[in-house]
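Structure data (compact mmCIF, C-alpha atoms and all ligand atoms) from run01.txt:
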# COMPACT_ATOMS: atom_id res chain seq x y z
CA MET I 3 -14.49 -93.28 27.63
CA ASN I 4 -15.09 -91.72 24.20
CA ILE I 5 -13.89 -88.11 24.30
CA VAL I 6 -13.75 -85.27 21.76
CA PHE I 7 -11.51 -82.24 22.41
CA MET I 8 -12.66 -79.03 20.74
CA GLY I 9 -11.35 -75.51 20.76
CA PRO I 10 -9.42 -73.17 18.50
CA PRO I 11 -5.85 -73.81 17.34
CA GLY I 12 -3.59 -73.04 20.29
CA ALA I 13 -6.25 -73.69 22.95
CA GLY I 14 -4.12 -76.44 24.50
CA LYS I 15 -5.81 -79.55 23.08
CA GLY I 16 -2.59 -81.41 22.28
CA THR I 17 -0.99 -80.48 25.61
CA GLN I 18 -3.99 -81.70 27.60
CA ALA I 19 -4.64 -84.74 25.37
CA ASP I 20 -1.15 -86.11 26.12
CA ARG I 21 -1.99 -86.07 29.82
CA ILE I 22 -5.57 -87.37 29.61
CA VAL I 23 -4.79 -90.35 27.34
CA LYS I 24 -2.12 -91.49 29.81
CA ARG I 25 -4.63 -91.32 32.63
CA PHE I 26 -7.35 -93.27 30.81
CA GLY I 27 -5.10 -95.57 28.72
CA ILE I 28 -6.87 -94.65 25.47
CA PRO I 29 -5.42 -93.71 22.06
CA HIS I 30 -4.90 -90.05 21.12
CA ILE I 31 -6.25 -89.47 17.61
CA SER I 32 -5.10 -86.14 16.16
CA THR I 33 -5.96 -85.47 12.53
CA GLY I 34 -3.36 -82.68 12.50
CA ASP I 35 -0.64 -85.17 13.60
CA ALA I 36 -1.88 -87.67 10.99
CA PHE I 37 -1.56 -85.06 8.23
CA ARG I 38 1.89 -83.92 9.40
CA GLN I 39 3.15 -87.52 9.46
CA ALA I 40 1.78 -88.19 5.96
CA MET I 41 3.34 -84.94 4.73
CA GLN I 42 6.71 -85.89 6.18
CA GLU I 43 6.54 -89.34 4.58
CA GLY I 44 5.49 -87.79 1.26
CA THR I 45 2.58 -90.24 0.78
CA PRO I 46 -0.23 -89.38 -1.70
CA LEU I 47 -2.37 -88.33 1.28
CA GLY I 48 0.46 -86.15 2.54
CA LEU I 49 0.95 -84.43 -0.80
CA LYS I 50 -2.78 -83.68 -1.05
CA ALA I 51 -3.03 -82.47 2.56
CA LYS I 52 0.00 -80.21 2.13
CA GLU I 53 -1.87 -78.05 -0.41
CA TYR I 54 -4.25 -77.03 2.38
CA VAL I 55 -2.24 -77.37 5.61
CA SER I 56 0.58 -75.19 4.28
CA GLN I 57 -1.92 -72.39 3.59
CA GLY I 58 -3.60 -72.68 6.98
CA LEU I 59 -6.81 -73.97 5.40
CA LEU I 60 -8.91 -76.94 6.46
CA VAL I 61 -8.32 -80.13 4.48
CA PRO I 62 -11.53 -81.13 2.61
CA ASP I 63 -14.00 -83.29 4.55
CA GLU I 64 -13.83 -86.27 2.14
CA ILE I 65 -10.12 -86.68 2.86
CA THR I 66 -10.30 -86.05 6.60
CA ASN I 67 -13.35 -88.22 7.27
CA GLY I 68 -11.70 -91.24 5.65
CA ILE I 69 -8.74 -91.07 8.04
CA VAL I 70 -10.97 -90.98 11.10
CA ARG I 71 -13.24 -93.75 9.82
CA GLU I 72 -10.25 -96.07 9.39
CA ARG I 73 -8.63 -95.12 12.67
CA LEU I 74 -11.72 -95.58 14.86
CA ALA I 75 -12.24 -99.10 13.47
CA GLN I 76 -8.82 -100.19 14.81
CA PRO I 77 -8.97 -102.60 17.80
CA ASP I 78 -7.09 -100.23 20.15
CA CYS I 79 -10.08 -97.84 20.02
CA ALA I 80 -12.47 -100.47 21.37
CA GLY I 81 -11.94 -99.33 24.98
CA GLY I 82 -12.31 -95.63 24.20
CA PHE I 83 -10.50 -92.85 22.35
CA LEU I 84 -9.66 -89.17 22.49
CA LEU I 85 -10.27 -87.25 19.26
CA ASP I 86 -8.22 -84.03 19.05
CA GLY I 87 -8.86 -81.61 16.19
CA PHE I 88 -11.77 -83.55 14.69
CA PRO I 89 -14.56 -82.73 13.92
CA ARG I 90 -13.84 -79.22 12.57
CA THR I 91 -16.94 -78.77 10.37
CA LEU I 92 -20.62 -79.63 10.79
CA ALA I 93 -20.31 -82.21 8.00
CA GLN I 94 -17.45 -83.87 9.90
CA ALA I 95 -19.55 -83.91 13.09
CA GLU I 96 -22.40 -85.63 11.23
CA THR I 97 -20.00 -88.15 9.70
CA LEU I 98 -18.57 -88.88 13.13
CA ASP I 99 -22.07 -89.67 14.39
CA ASP I 100 -22.52 -92.11 11.48
CA ILE I 101 -19.16 -93.77 12.06
CA LEU I 102 -19.85 -94.22 15.77
CA ALA I 103 -23.42 -95.46 15.16
CA SER I 104 -22.05 -98.11 12.78
CA LEU I 105 -19.72 -99.23 15.59
CA ASN I 106 -22.52 -99.13 18.18
CA ARG I 107 -20.71 -96.38 20.04
CA GLY I 108 -21.35 -92.80 21.07
CA ILE I 109 -19.54 -89.74 22.40
CA ASP I 110 -19.42 -89.41 26.21
CA HIS I 111 -18.02 -85.87 26.50
CA VAL I 112 -17.08 -83.01 24.16
CA VAL I 113 -14.55 -80.96 26.13
CA TYR I 114 -14.34 -77.39 24.81
CA LEU I 115 -11.19 -75.44 25.74
CA LYS I 116 -12.20 -71.79 25.57
CA VAL I 117 -9.44 -69.23 24.86
CA ASP I 118 -9.68 -65.69 23.43
CA ARG I 119 -8.28 -64.85 20.00
CA ASP I 120 -5.51 -62.47 21.20
CA LEU I 121 -4.06 -65.11 23.50
CA LEU I 122 -4.30 -67.77 20.77
CA PHE I 123 -2.04 -65.68 18.58
CA ILE I 124 0.63 -65.55 21.32
CA ARG I 125 0.23 -69.26 22.10
CA LEU I 126 0.60 -70.33 18.45
CA THR I 127 3.50 -68.10 17.40
CA GLY I 128 5.46 -69.12 20.55
CA ARG I 129 4.79 -72.86 20.20
CA ARG I 130 7.80 -75.16 19.76
CA ILE I 131 7.62 -78.93 19.15
CA CYS I 132 10.24 -81.64 19.69
CA LYS I 133 11.23 -83.11 16.31
CA SER I 134 11.83 -86.52 17.90
CA CYS I 135 9.08 -87.12 20.45
CA GLY I 136 6.50 -84.41 19.67
CA GLU I 137 6.53 -82.88 23.17
CA ILE I 138 4.91 -79.43 23.10
CA TYR I 139 6.68 -76.33 24.52
CA HIS I 140 6.14 -72.58 24.50
CA THR I 141 8.89 -69.94 24.45
CA LYS I 142 7.19 -68.01 27.31
CA PHE I 143 4.61 -70.27 28.97
CA ARG I 144 6.42 -73.61 28.90
CA PRO I 145 10.07 -73.09 28.00
CA PRO I 146 12.45 -76.06 27.96
CA ARG I 147 15.30 -76.08 30.52
CA THR I 148 17.84 -75.53 27.70
CA GLU I 149 16.75 -73.38 24.79
CA GLY I 150 15.99 -75.41 21.67
CA VAL I 151 16.39 -78.78 23.41
CA CYS I 152 13.64 -81.18 24.55
CA ASP I 153 13.64 -81.81 28.34
CA LYS I 154 12.26 -85.30 27.82
CA CYS I 155 14.42 -86.81 25.06
CA GLY I 156 17.13 -84.25 24.22
CA GLY I 157 15.67 -83.84 20.71
CA GLU I 158 15.80 -80.62 18.73
CA LEU I 159 12.86 -78.21 19.04
CA MET I 160 11.30 -76.74 15.91
CA GLN I 161 8.54 -74.32 14.98
CA ARG I 162 5.65 -75.65 12.88
CA ALA I 163 5.55 -73.95 9.44
CA ASP I 164 1.88 -73.09 9.96
CA ASP I 165 2.61 -71.36 13.29
CA SER I 166 4.04 -68.33 11.43
CA GLU I 167 2.25 -65.00 12.09
CA GLU I 168 0.98 -65.00 8.51
CA LYS I 169 -0.64 -68.48 8.65
CA VAL I 170 -2.03 -68.15 12.17
CA GLY I 171 -4.52 -65.45 11.06
CA THR I 172 -5.93 -67.71 8.33
CA ARG I 173 -6.17 -70.69 10.69
CA LEU I 174 -8.07 -68.67 13.28
CA ASP I 175 -10.46 -67.37 10.58
CA GLU I 176 -11.10 -70.96 9.45
CA TYR I 177 -11.85 -71.91 13.05
CA PHE I 178 -14.31 -69.09 13.71
CA ASN I 179 -16.09 -69.55 10.35
CA LYS I 180 -16.27 -73.33 10.09
CA THR I 181 -15.53 -74.96 13.45
CA GLU I 182 -17.18 -72.73 16.03
CA PRO I 183 -20.69 -73.65 14.77
CA VAL I 184 -19.94 -77.27 15.71
CA LEU I 185 -20.00 -76.24 19.39
CA LYS I 186 -23.72 -75.46 19.11
CA TYR I 187 -24.32 -78.85 17.49
CA TYR I 188 -22.89 -80.64 20.54
CA ASP I 189 -24.46 -78.25 23.02
CA ALA I 190 -27.89 -79.11 21.58
CA LYS I 191 -27.10 -82.79 22.20
CA GLY I 192 -26.15 -82.06 25.83
CA LEU I 193 -22.54 -83.20 25.31
CA LEU I 194 -20.61 -79.92 25.54
CA ARG I 195 -18.44 -79.33 28.63
CA GLU I 196 -16.79 -75.90 28.64
CA VAL I 197 -13.43 -75.48 30.34
CA ASP I 198 -11.48 -72.22 30.88
CA GLY I 199 -8.43 -72.83 28.69
CA GLU I 200 -6.75 -69.57 29.75
CA ARG I 201 -5.73 -70.94 33.16
CA ASP I 202 -2.31 -72.52 33.62
CA ILE I 203 -1.67 -76.00 32.21
CA ASP I 204 -2.12 -77.92 35.50
CA GLU I 205 -5.32 -76.04 36.36
CA VAL I 206 -6.80 -76.86 32.96
CA THR I 207 -5.92 -80.54 33.45
CA ALA I 208 -7.68 -80.45 36.83
CA GLN I 209 -10.81 -78.90 35.30
CA ILE I 210 -10.89 -81.54 32.56
CA GLY I 211 -10.39 -84.30 35.15
CA ALA I 212 -13.42 -82.99 37.08
CA VAL I 213 -15.56 -82.91 33.92
CA LEU I 214 -14.64 -86.47 32.92
CA LYS I 215 -15.45 -87.86 36.36
CA GLY I 216 -18.88 -86.21 36.38
P1 LIG T 1 -3.67 -77.03 20.30
O1 LIG T 1 -3.35 -78.52 20.26
O2 LIG T 1 -5.04 -76.76 20.81
O3 LIG T 1 -3.38 -76.33 19.01
P2 LIG T 1 -1.30 -76.88 22.05
O4 LIG T 1 -1.56 -77.89 23.11
O5 LIG T 1 -0.28 -77.26 20.99
O6 LIG T 1 -2.70 -76.38 21.37
O7 LIG T 1 -0.85 -75.53 22.78
C1 LIG T 1 -0.53 -74.36 22.02
C2 LIG T 1 0.64 -73.64 22.70
O8 LIG T 1 0.19 -73.08 23.93
C3 LIG T 1 1.83 -74.53 23.03
O9 LIG T 1 3.00 -73.78 22.85
C4 LIG T 1 1.61 -74.88 24.52
O10 LIG T 1 2.85 -75.11 25.20
C5 LIG T 1 0.92 -73.63 25.04
N1 LIG T 1 -0.10 -73.92 26.08
C6 LIG T 1 -1.00 -74.93 26.09
N2 LIG T 1 -1.82 -74.83 27.17
C7 LIG T 1 -1.40 -73.72 27.84
C8 LIG T 1 -1.84 -73.08 29.06
N3 LIG T 1 -2.88 -73.55 29.76
N4 LIG T 1 -1.20 -71.97 29.43
C9 LIG T 1 -0.15 -71.47 28.71
N5 LIG T 1 0.31 -72.03 27.58
C10 LIG T 1 -0.31 -73.14 27.14
P1 LIG T 2 -3.75 -79.06 14.12
O1 LIG T 2 -2.51 -79.85 14.36
O2 LIG T 2 -4.96 -79.65 14.77
O3 LIG T 2 -3.56 -77.59 14.43
O4 LIG T 2 -4.03 -79.15 12.55
C1 LIG T 2 -3.09 -78.68 11.59
C2 LIG T 2 -3.73 -78.54 10.22
O5 LIG T 2 -4.19 -79.82 9.75
C3 LIG T 2 -4.99 -77.64 10.17
O6 LIG T 2 -4.66 -76.27 10.04
C4 LIG T 2 -5.67 -78.19 8.91
O7 LIG T 2 -5.03 -77.73 7.73
C5 LIG T 2 -5.41 -79.68 9.03
N1 LIG T 2 -6.48 -80.38 9.81
C6 LIG T 2 -6.33 -81.00 11.02
N2 LIG T 2 -7.51 -81.53 11.42
C7 LIG T 2 -8.42 -81.23 10.45
C8 LIG T 2 -9.82 -81.47 10.29
N3 LIG T 2 -10.54 -82.13 11.23
N4 LIG T 2 -10.42 -81.00 9.16
C9 LIG T 2 -9.73 -80.34 8.22
N5 LIG T 2 -8.42 -80.06 8.32
C10 LIG T 2 -7.76 -80.50 9.42

Would you give me this structure, written as structure tokens?
Ligand code: ADP
Ligand code: AMP
Amino acid sequence: MNIVFMGPPGAGKGTQADRIVKRFGIPHISTGDAFRQAMQEGTPLGLKAKEYVSQGLLVPDEITNGIVRERLAQPDCAGGFLLDGFPRTLAQAETLDDILASLNRGIDHVVYLKVDRDLLFIRLTGRRICKSCGEIYHTKFRPPRTEGVCDKCGGELMQRADDSEEKVGTRLDEYFNKTEPVLKYYDAKGLLREVDGERDIDEVTAQIGAVLKG
């Protein structure tokens, strides 16, 4: 199964992707995670990406497309993949079509998690991430059992630098200006499956499960 998750920052893509990849046994490809890892390691890619990510701006297509092209050619993607956070521009969507055509593959479903802007703000500013295992929490909607500590591995929880109130506004503007038009692109191809991302986490997982079976 070749799946693309779309939706604004904070829609729940990462939360749902963790569950869906376990169910289907496919790799989770998040360009945001790839940039954060490169930034942490201080690689040339990381230093370049940081100029944009730290301001809440999209990283240029030439840089982002290269990462996805390399990743999709890896053998573990042969049985399917879940792309989370890519494509985010029309040019990226067109490049993805080219990459997949060169691999004799196609997209099966584009799952769109729909959430309103006001709720996105609350979701993003309350998000907490485990430093060790990457598990995703929320101060109100999915709090850990002990404040600041990961339920799964005992790791320390942190707030992403770009989840500050100041950066969230820019990120949402980038989404509505550059990424939302990509939804129409996939709708015209008959691939778009809209899911109500405002329901609780288990209900959203159930809706996605129903879409992927159909
Ligand atoms: P994205 O990957 O789309 O940016 P995340 O999966 O990281 O979004 O979720 C953003 C925040 O919202 C996290 O703090 C997460 O715990 C919380 N969250 C995700 N889905 C839901 C939901 N259905 N209801 C309430 N909170 C949610
Ligand atoms: P995310 O973890 O998906 O919220 O992404 C975090 C940040 O990484 C974004 O705000 C962008 O700066 C950058 N990023 C992730 N994916 C892309 C993409 N497909 N195109 C451009 N920038 C991206």

Report task. Report as a ChimeraX atom specification which protein, DNA and RNA residues come within 6 Å of ligand LIG 2 (chain T), using only C-alpha atoms and all ligand atoms. Result -> /I:11,33-35,54-55,58-62,66,87-90,173

**Report entry** ligand LIG 1 (chain T) neighbours within 10 Å using all atoms listed in the file, as a count of residues only
**Finding:** 55

Query raised in the report: Between I:Asp120, I:Val112, I:Gly150, I:Ala75, which one has atoms that come closest to Leu214 (chain I), using only C-alpha atoms?
Result: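 Ranked by minimum distance to Leu214 (chain I), first place goes to I:Val112.
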
Would you kindly return, as a PDB file with C-alpha atoms, in the frame of the given file, each protein, DNA or RNA residue with an atom no farther than 12 Å from any atom of Lys215 (chain I), considering all atoms listed in the file and excluding same-chain residues fewer than 4 positions away?
ATOM      1  CA  MET I   3     -14.490 -93.280  27.630  1.00  0.00           C
ATOM      2  CA  ILE I  22      -5.570 -87.370  29.610  1.00  0.00           C
ATOM      3  CA  ARG I  25      -4.630 -91.320  32.630  1.00  0.00           C
ATOM      4  CA  PHE I  26      -7.350 -93.270  30.810  1.00  0.00           C
ATOM      5  CA  ASP I 110     -19.420 -89.410  26.210  1.00  0.00           C
ATOM      6  CA  HIS I 111     -18.020 -85.870  26.500  1.00  0.00           C
ATOM      7  CA  ARG I 195     -18.440 -79.330  28.630  1.00  0.00           C
ATOM      8  CA  ALA I 208      -7.680 -80.450  36.830  1.00  0.00           C
ATOM      9  CA  GLN I 209     -10.810 -78.900  35.300  1.00  0.00           C
ATOM     10  CA  ILE I 210     -10.890 -81.540  32.560  1.00  0.00           C
ATOM     11  CA  GLY I 211     -10.390 -84.300  35.150  1.00  0.00           C
TER      12      GLY I 211
END

Report summary line: Shortest contact to Asn4 (chain I), candidates I:Lys133, I:Arg107, I:Arg38, I:Arg71, atoms counted all atoms listed in the file, goes to I:Arg107

**Report entry** Straight-line distance linking CA of Arg162 (chain I) with CA of Ala51 (chain I), stated in Å to one decimal
**Finding:**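 Straight-line distance from CA of Arg162 (chain I) to CA of Ala51 (chain I) works out to 15.1 Å.
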
Query raised in the report: CA of Ala190 (chain I) and CA of Arg73 (chain I), how far apart in Å?
Result: 26.6 Å

Query raised in the report: Which is closest to Leu84 (chain I) among I:Lys52, I:His30, I:Lys24, I:Lys186, if we use only C-alpha atoms?
Result: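 Of I:Lys52, I:His30, I:Lys24, I:Lys186, the one nearest Leu84 (chain I) is I:His30, counting only C-alpha atoms.
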
Quick one: axis-aligned box around all listed atoms of region 179-186 of chain I, 5 Å on every side, centre and edge lengths in Å to one decimal, written as JSON.
{"center_x": -19.6, "center_y": -73.4, "center_z": 14.7, "size_x": 18.2, "size_y": 17.7, "size_z": 19.3}

**Report entry** Residue nearest Tyr177 (chain I) among I:Cys152, I:Leu92, I:Met41, I:Val197 (counting only C-alpha atoms)
**Finding:**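 Closest to Tyr177 (chain I) of all the choices is I:Leu92.
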
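Proximity to Ile5 (chain I) was assessed for I:Gly68, I:Pro77, I:Gly48, I:Gly108 counting all atoms listed in the file; the smallest distance is recorded for I:Gly108.
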
Requested in this report: Can you work out the spacing between CA of Asn106 (chain I) and CA of Gly82 (chain I) in Å, to one decimal?
Outcome: 12.4 Å

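Using only C-alpha atoms, the smallest distance between any of I:Leu47, I:Ile109, I:Gln57, I:Glu64 and Gly192 (chain I) comes from I:Ile109.
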
Requested in this report: Write out as a ChimeraX atom specification each polymer residue whose atoms come within 9 Å of Ser134 (chain I), counting all atoms listed in the file; drop sequence neighbours fewer than 4 positions from it.
Outcome: /I:152,155-159
